[in-house]
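Shown next, in structure tokens, is the structure this report addresses.
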Amino acid sequence: MTDLPHRINSTLAAALLLALHAPSSFARERLECVLPQGGRIVMEARCKAPPGVRRQECADRYDTRYLAAGGGAALDLGKTDLKNADHAATPASMCARFYASGDAVHVPPTYDGQYRSIVKGHIVALTVQRRGDEAVETEANRNAAPEVLTYTGHRRVAALGTTWMLEEAFTRRYRGYYAGAGMERAPLSHVAQMQSTDEGMSWSEPVITKTSRLFTIGKSVLDQPDAAKPAFEPDDDRRRDRRARLAQGTPMLIRCRLPDHSEFVLTGKQSSDDEVKREWGGARSMFMPLVSIAYVAAPGAAAIEVEPELSLLSFMANVPRPKRDEHCGSAGIANGVPYIGISMLDQQRKHFSRLTYPDKIWYPDTLPRPAAQALARSKLVWGKGVEPLVAATRRGKLLALEYPVVPDGCGGGDPHHVRPPVCTVSAVLRSESDDDGMTWSDLAFSTTSWIFAPGQPVDQQPGRATLAGD
């Protein structure tokens with residue numbers, strides 16, 4: 001299923017291209033990281049971008065200092081880079097590069113390969129010269145065959161007696177995002193391990209191993225038990241960012257009504273005239289970022305916030321009303337459980353789940369042979385011009401993720417590519433979990449579904465959300 005990671009149609013892809021040239025509306029001026037043993041790392045922006053200044057014109061370099069748990073003078077650590085500060089995972093990633101082992105606090109390397117540690121209030125530096133990242137990753141994939149590994153970008157160096165150890169952390173093959181969290185949430189599976197006995201002047205060839213001296217295998221780089229973590233809650237911080245962005249523009253609301261009369265309310269930010277003039281030369285784009293999603297169970301009921309990443313939507317299009325219905329295509333209700341994208345309302349009906357689906361379920365390279373053979377025999381396909389592409393639901397304690405399967409070559413879609421082609425659901429590919437999403441079965445072909453009604457068009461499914469009237 002090669003089309004699934006690139007689900008945005010040609011019109012939305014154009015919006016994505018436009019967005020790449022738009023400035024971030026949020027630049028973090030201060031980041032505080034808490035170490036497991038109680039010390040803190042504080043990073044403060046060297047350059048504060050004023051409104052309207054593109055992030056590229058304001059370096060993401062932060063003055064960094066260490067504050068010991070017992071108090072005392074701050075220790076200056078120089079400059080630290082913080083890329084893409086408006087992405088919630090990035091502060092967590094930056095903090096995770098600081099970690100503690102024994103009585104030492106380890107600091108990310110400088111540009112010239114100097115690895116620093118704080119021991120009893122003093123900085124101890126190790127300078128490492130090594131081969132480039134690409135050469136090491138090539139070596140990792142060659143030595144780890146038949147497994148294909150992905151370098152996380154996280155590297156650690158430590159002096160273990162008279163031997164210096166350098167390790168670079170790898171995950172198994174990574175394709176796409178894990179339910180809104182990127183590669184940095186994938187568990188580590190291997191390290192490329194190198195040693196030096198001459199204080200870093202020369203290093204042994206990298207050895208790919210599942211046994212690490214410096215990382216915890218099975219934990220992601222963000223979840224290493226010895227690593228620092230942001231003092232704030234990333235999700236809460238991201239919500240504050242979205243609310244701030246929405247406050248700067250005129251909101252556009254789209255209400256997606258479910259058959260039980262509950263609703264998902266999607267909110268996008270329309271740029272102000274000044275923003276249009278400054279960023280787009282006066283030409284107003286039809287696309288706007290999706291800022292927030294709220295689920296309202298009944299009129300007057302308290303709204304439940306849904307993380308937009310889980311909706312599989314990134315943009316909203318200010319197009320004529322009939323075409324806006326596409327925005328509601330990823331939402332619906334099945335077994336009495338409202339869902340949107342790859343998230344569903346939990347059993348207590350208090351929040352929408354954030355489940356982690358493994359690669360074999362969420363971005364599979366190849367289908368299991370029985371499922372692939374069943375599709376080929378029936379001349380069916382999945383993940384091609386179908387909306388919704390995937391949905392999740394629950395029956396009791398059993399969870400399911402389903403992809404609708406349609407006839408190969410089905411069509412009749414909008415020639416302007418704003419709406420997906422009309423296709424009839426023939427079957428589904430389903431994975432199940434009986435341990436609250438910790439593990440999932442292989443995708444299996446089925447002519448019965450928990451979510452979809454085989455024999456009916458995708459856009460006429462009985463549980464599908466539809467665009468509500470004004």
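Note on naming: chains are A, B, ... as they come in the structure tokens, residues start from 1 per chain, ligands start from 1 in the order shown.
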Filtered DSSP result for stretch 327-423 of chain A, state alpha helix (DSSP H), as number ranges by chain
A: 359-362, 369-378
Atoms kept (C-alpha atoms) for selection, written as a PDB file, in the first residue's frame:
ATOM      1  CA  ASP A 359       4.791  -0.533  11.027  1.00  0.00           C
ATOM      2  CA  LYS A 360       3.267  -3.803   9.863  1.00  0.00           C
ATOM      3  CA  ILE A 361      -0.197  -2.339  10.597  1.00  0.00           C
ATOM      4  CA  TRP A 362       0.130   1.371   9.998  1.00  0.00           C
ATOM      5  CA  ARG A 369       0.652 -13.288   1.847  1.00  0.00           C
ATOM      6  CA  PRO A 370      -2.927 -14.508   2.555  1.00  0.00           C
ATOM      7  CA  ALA A 371      -4.260 -10.926   2.485  1.00  0.00           C
ATOM      8  CA  ALA A 372      -2.290 -10.019  -0.630  1.00  0.00           C
ATOM      9  CA  GLN A 373      -3.494 -13.140  -2.445  1.00  0.00           C
ATOM     10  CA  ALA A 374      -7.129 -12.441  -1.482  1.00  0.00           C
ATOM     11  CA  LEU A 375      -6.873  -8.909  -2.895  1.00  0.00           C
ATOM     12  CA  ALA A 376      -5.278 -10.138  -6.116  1.00  0.00           C
ATOM     13  CA  ARG A 377      -7.916 -12.839  -6.660  1.00  0.00           C
ATOM     14  CA  SER A 378     -10.752 -10.372  -6.165  1.00  0.00           C
TER      15      SER A 378
END
Given only C-alpha atoms as the counted atoms, nearest of A:Leu160, A:Ala227, A:Val337, A:Val428 to A:Val381:
A:Val428
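The shortest atom-to-atom distance to A:Thr162, with only C-alpha atoms taken into account, belongs to A:Asp198 out of A:Leu258, A:Asp198, A:Met43, A:Gln348.
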Give me the residues near stretch 68-75 of chain A as a PyMOL selection string, where near means some atom within 7 Å (using only C-alpha atoms) and where sequence neighbours in that chain fewer than 6 positions away do not count.
chain A and resi 38-40
Give me the residues near stretch 114-121 of chain A as a PyMOL selection string, where near means some atom within 10 Å (using only C-alpha atoms) and where sequence neighbours in that chain fewer than 2 positions away do not count.
chain A and resi 66-68+72-75+77+98-112+123-129+156-158
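Distances to A:Leu467 were evaluated for A:Ser330, A:Ser93, A:Gln37, A:Ser196 using only C-alpha atoms, and the minimum falls at A:Ser330.
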I want to know what sits within 12 Å of A:Gly455, based on only C-alpha atoms, with residues of the same chain fewer than 6 positions away left out; could you give that as a PyMOL selection string?
chain A and resi 404-407+423-428+447-449+461-462
Can you spit out the residues from that selection as a PDB file, in the first residue's frame, using C-alpha atoms?
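Listed below is the output, result-v4.pdb:
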ATOM      1  CA  PRO A 404     -11.750  -0.322   3.420  1.00  0.00           C
ATOM      2  CA  VAL A 405     -11.019  -2.333   0.271  1.00  0.00           C
ATOM      3  CA  VAL A 406     -12.476  -1.257  -3.089  1.00  0.00           C
ATOM      4  CA  PRO A 407     -12.448  -2.550  -6.692  1.00  0.00           C
ATOM      5  CA  CYS A 423     -15.981   3.612  -4.728  1.00  0.00           C
ATOM      6  CA  THR A 424     -17.981   0.769  -3.216  1.00  0.00           C
ATOM      7  CA  VAL A 425     -16.545  -0.966  -0.176  1.00  0.00           C
ATOM      8  CA  SER A 426     -16.055  -4.650  -1.013  1.00  0.00           C
ATOM      9  CA  ALA A 427     -14.178  -5.850   2.063  1.00  0.00           C
ATOM     10  CA  VAL A 428     -11.704  -4.668   4.691  1.00  0.00           C
ATOM     11  CA  THR A 447     -15.634  -9.588   3.871  1.00  0.00           C
ATOM     12  CA  THR A 448     -17.266  -8.636   7.174  1.00  0.00           C
ATOM     13  CA  SER A 449     -16.493  -5.398   8.940  1.00  0.00           C
ATOM     14  CA  GLN A 461     -21.519   4.529   4.704  1.00  0.00           C
ATOM     15  CA  PRO A 462     -24.156   4.462   7.475  1.00  0.00           C
TER      16      PRO A 462
END
Using only C-alpha atoms, which protein or nucleic acid residues come within 8 Å of A:Tyr151? Drop anything in the same chain fewer than 3 positions from it, and give the result as a PyMOL selection string.
chain A and resi 137+154+168-171
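Of note, atom CA of A:Leu253 and atom CA of A:Pro289 are spaced 11.9 Å apart.
Nearest residue to A:Arg185, choosing from A:Pro368, A:Gly161, A:Gly218, A:Pro388 and counting only C-alpha atoms: A:Gly218.
Going from atom CA of A:Thr209 to atom CA of A:Glu184 covers 19.3 Å.
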For A:Ser292, please output as a VMD selection string all residues within 8 Å (counting only C-alpha atoms; exclusion window: fewer than 2 positions along the same chain).
chain A and resid 242 266 to 268 290 294 305 to 308
Generate a file of the selected residues that holds all heavy atoms, formatted as a JSON list (two decimals), in the first residue's frame.
[["chain", "number", "residue", "atom", "x", "y", "z"],
["A", 242, "ARG", "N", -1.56, 26.28, 19.54],
["A", 242, "ARG", "CA", -2.67, 26.31, 18.58],
["A", 242, "ARG", "C", -3.67, 27.40, 18.95],
["A", 242, "ARG", "O", -4.19, 28.11, 18.09],
["A", 242, "ARG", "CB", -3.36, 24.95, 18.56],
["A", 242, "ARG", "CG", -2.52, 23.86, 17.89],
["A", 242, "ARG", "CD", -3.37, 22.64, 17.66],
["A", 242, "ARG", "NE", -2.56, 21.60, 17.02],
["A", 242, "ARG", "CZ", -2.33, 20.41, 17.55],
["A", 242, "ARG", "NH1", -2.83, 20.09, 18.71],
["A", 242, "ARG", "NH2", -1.60, 19.53, 16.90],
["A", 266, "LEU", "N", -14.39, 21.19, 13.55],
["A", 266, "LEU", "CA", -13.06, 21.46, 13.05],
["A", 266, "LEU", "C", -12.87, 22.96, 12.89],
["A", 266, "LEU", "O", -13.74, 23.64, 12.34],
["A", 266, "LEU", "CB", -12.83, 20.78, 11.70],
["A", 266, "LEU", "CG", -12.55, 19.27, 11.67],
["A", 266, "LEU", "CD1", -13.65, 18.48, 12.34],
["A", 266, "LEU", "CD2", -12.36, 18.79, 10.24],
["A", 267, "THR", "N", -11.76, 23.47, 13.39],
["A", 267, "THR", "CA", -11.50, 24.90, 13.33],
["A", 267, "THR", "C", -10.20, 25.16, 12.59],
["A", 267, "THR", "O", -9.16, 24.57, 12.92],
["A", 267, "THR", "CB", -11.40, 25.50, 14.74],
["A", 267, "THR", "OG1", -12.56, 25.16, 15.48],
["A", 267, "THR", "CG2", -11.28, 27.02, 14.65],
["A", 268, "GLY", "N", -10.27, 26.03, 11.61],
["A", 268, "GLY", "CA", -9.07, 26.46, 10.89],
["A", 268, "GLY", "C", -8.88, 27.95, 11.04],
["A", 268, "GLY", "O", -9.81, 28.69, 11.37],
["A", 290, "LEU", "N", -5.36, 23.41, 9.89],
["A", 290, "LEU", "CA", -6.32, 22.90, 10.86],
["A", 290, "LEU", "C", -5.74, 23.15, 12.25],
["A", 290, "LEU", "O", -4.65, 22.67, 12.57],
["A", 290, "LEU", "CB", -6.56, 21.41, 10.65],
["A", 290, "LEU", "CG", -7.43, 20.70, 11.69],
["A", 290, "LEU", "CD1", -8.85, 21.23, 11.65],
["A", 290, "LEU", "CD2", -7.42, 19.20, 11.46],
["A", 294, "ALA", "N", -12.80, 19.52, 18.14],
["A", 294, "ALA", "CA", -13.53, 19.25, 19.37],
["A", 294, "ALA", "C", -14.68, 18.29, 19.07],
["A", 294, "ALA", "O", -15.31, 18.39, 18.02],
["A", 294, "ALA", "CB", -14.08, 20.55, 19.96],
["A", 305, "GLU", "N", -11.49, 17.69, 23.53],
["A", 305, "GLU", "CA", -10.49, 18.05, 22.53],
["A", 305, "GLU", "C", -9.87, 16.81, 21.92],
["A", 305, "GLU", "O", -9.62, 15.81, 22.60],
["A", 305, "GLU", "CB", -9.40, 18.92, 23.17],
["A", 305, "GLU", "CG", -8.43, 19.50, 22.17],
["A", 305, "GLU", "CD", -7.46, 20.49, 22.81],
["A", 305, "GLU", "OE1", -7.51, 20.66, 24.04],
["A", 305, "GLU", "OE2", -6.67, 21.10, 22.06],
["A", 306, "VAL", "N", -9.60, 16.86, 20.61],
["A", 306, "VAL", "CA", -8.96, 15.78, 19.88],
["A", 306, "VAL", "C", -7.68, 16.33, 19.26],
["A", 306, "VAL", "O", -7.70, 17.42, 18.67],
["A", 306, "VAL", "CB", -9.87, 15.22, 18.77],
["A", 306, "VAL", "CG1", -9.21, 14.01, 18.10],
["A", 306, "VAL", "CG2", -11.24, 14.85, 19.32],
["A", 307, "GLU", "N", -6.59, 15.61, 19.39],
["A", 307, "GLU", "CA", -5.35, 16.06, 18.77],
["A", 307, "GLU", "C", -5.51, 16.04, 17.24],
["A", 307, "GLU", "O", -5.84, 14.99, 16.67],
["A", 307, "GLU", "CB", -4.19, 15.16, 19.18],
["A", 307, "GLU", "CG", -3.68, 15.43, 20.57],
["A", 307, "GLU", "CD", -3.12, 16.84, 20.71],
["A", 307, "GLU", "OE1", -2.24, 17.22, 19.92],
["A", 307, "GLU", "OE2", -3.59, 17.57, 21.60],
["A", 308, "PRO", "N", -5.31, 17.16, 16.55],
["A", 308, "PRO", "CA", -5.51, 17.19, 15.10],
["A", 308, "PRO", "C", -4.71, 16.14, 14.33],
["A", 308, "PRO", "O", -5.17, 15.62, 13.32],
["A", 308, "PRO", "CB", -5.08, 18.61, 14.71],
["A", 308, "PRO", "CG", -5.41, 19.42, 15.93],
["A", 308, "PRO", "CD", -5.05, 18.52, 17.08]]
If you measure from atom CA of A:Ala444 to atom CA of A:Glu387, what distance in Å do you get, rounded to one decimal?
19.9 Å
With only C-alpha atoms as the basis for distance, which of A:Ala334, A:Cys410, A:Ala96, A:Val42 is at the shortest distance from A:Arg395?
A:Ala334
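Considering only C-alpha atoms, the residue among A:Lys219, A:Lys210, A:Arg430, A:Lys229 positioned nearest to A:Ala186 is A:Lys219.
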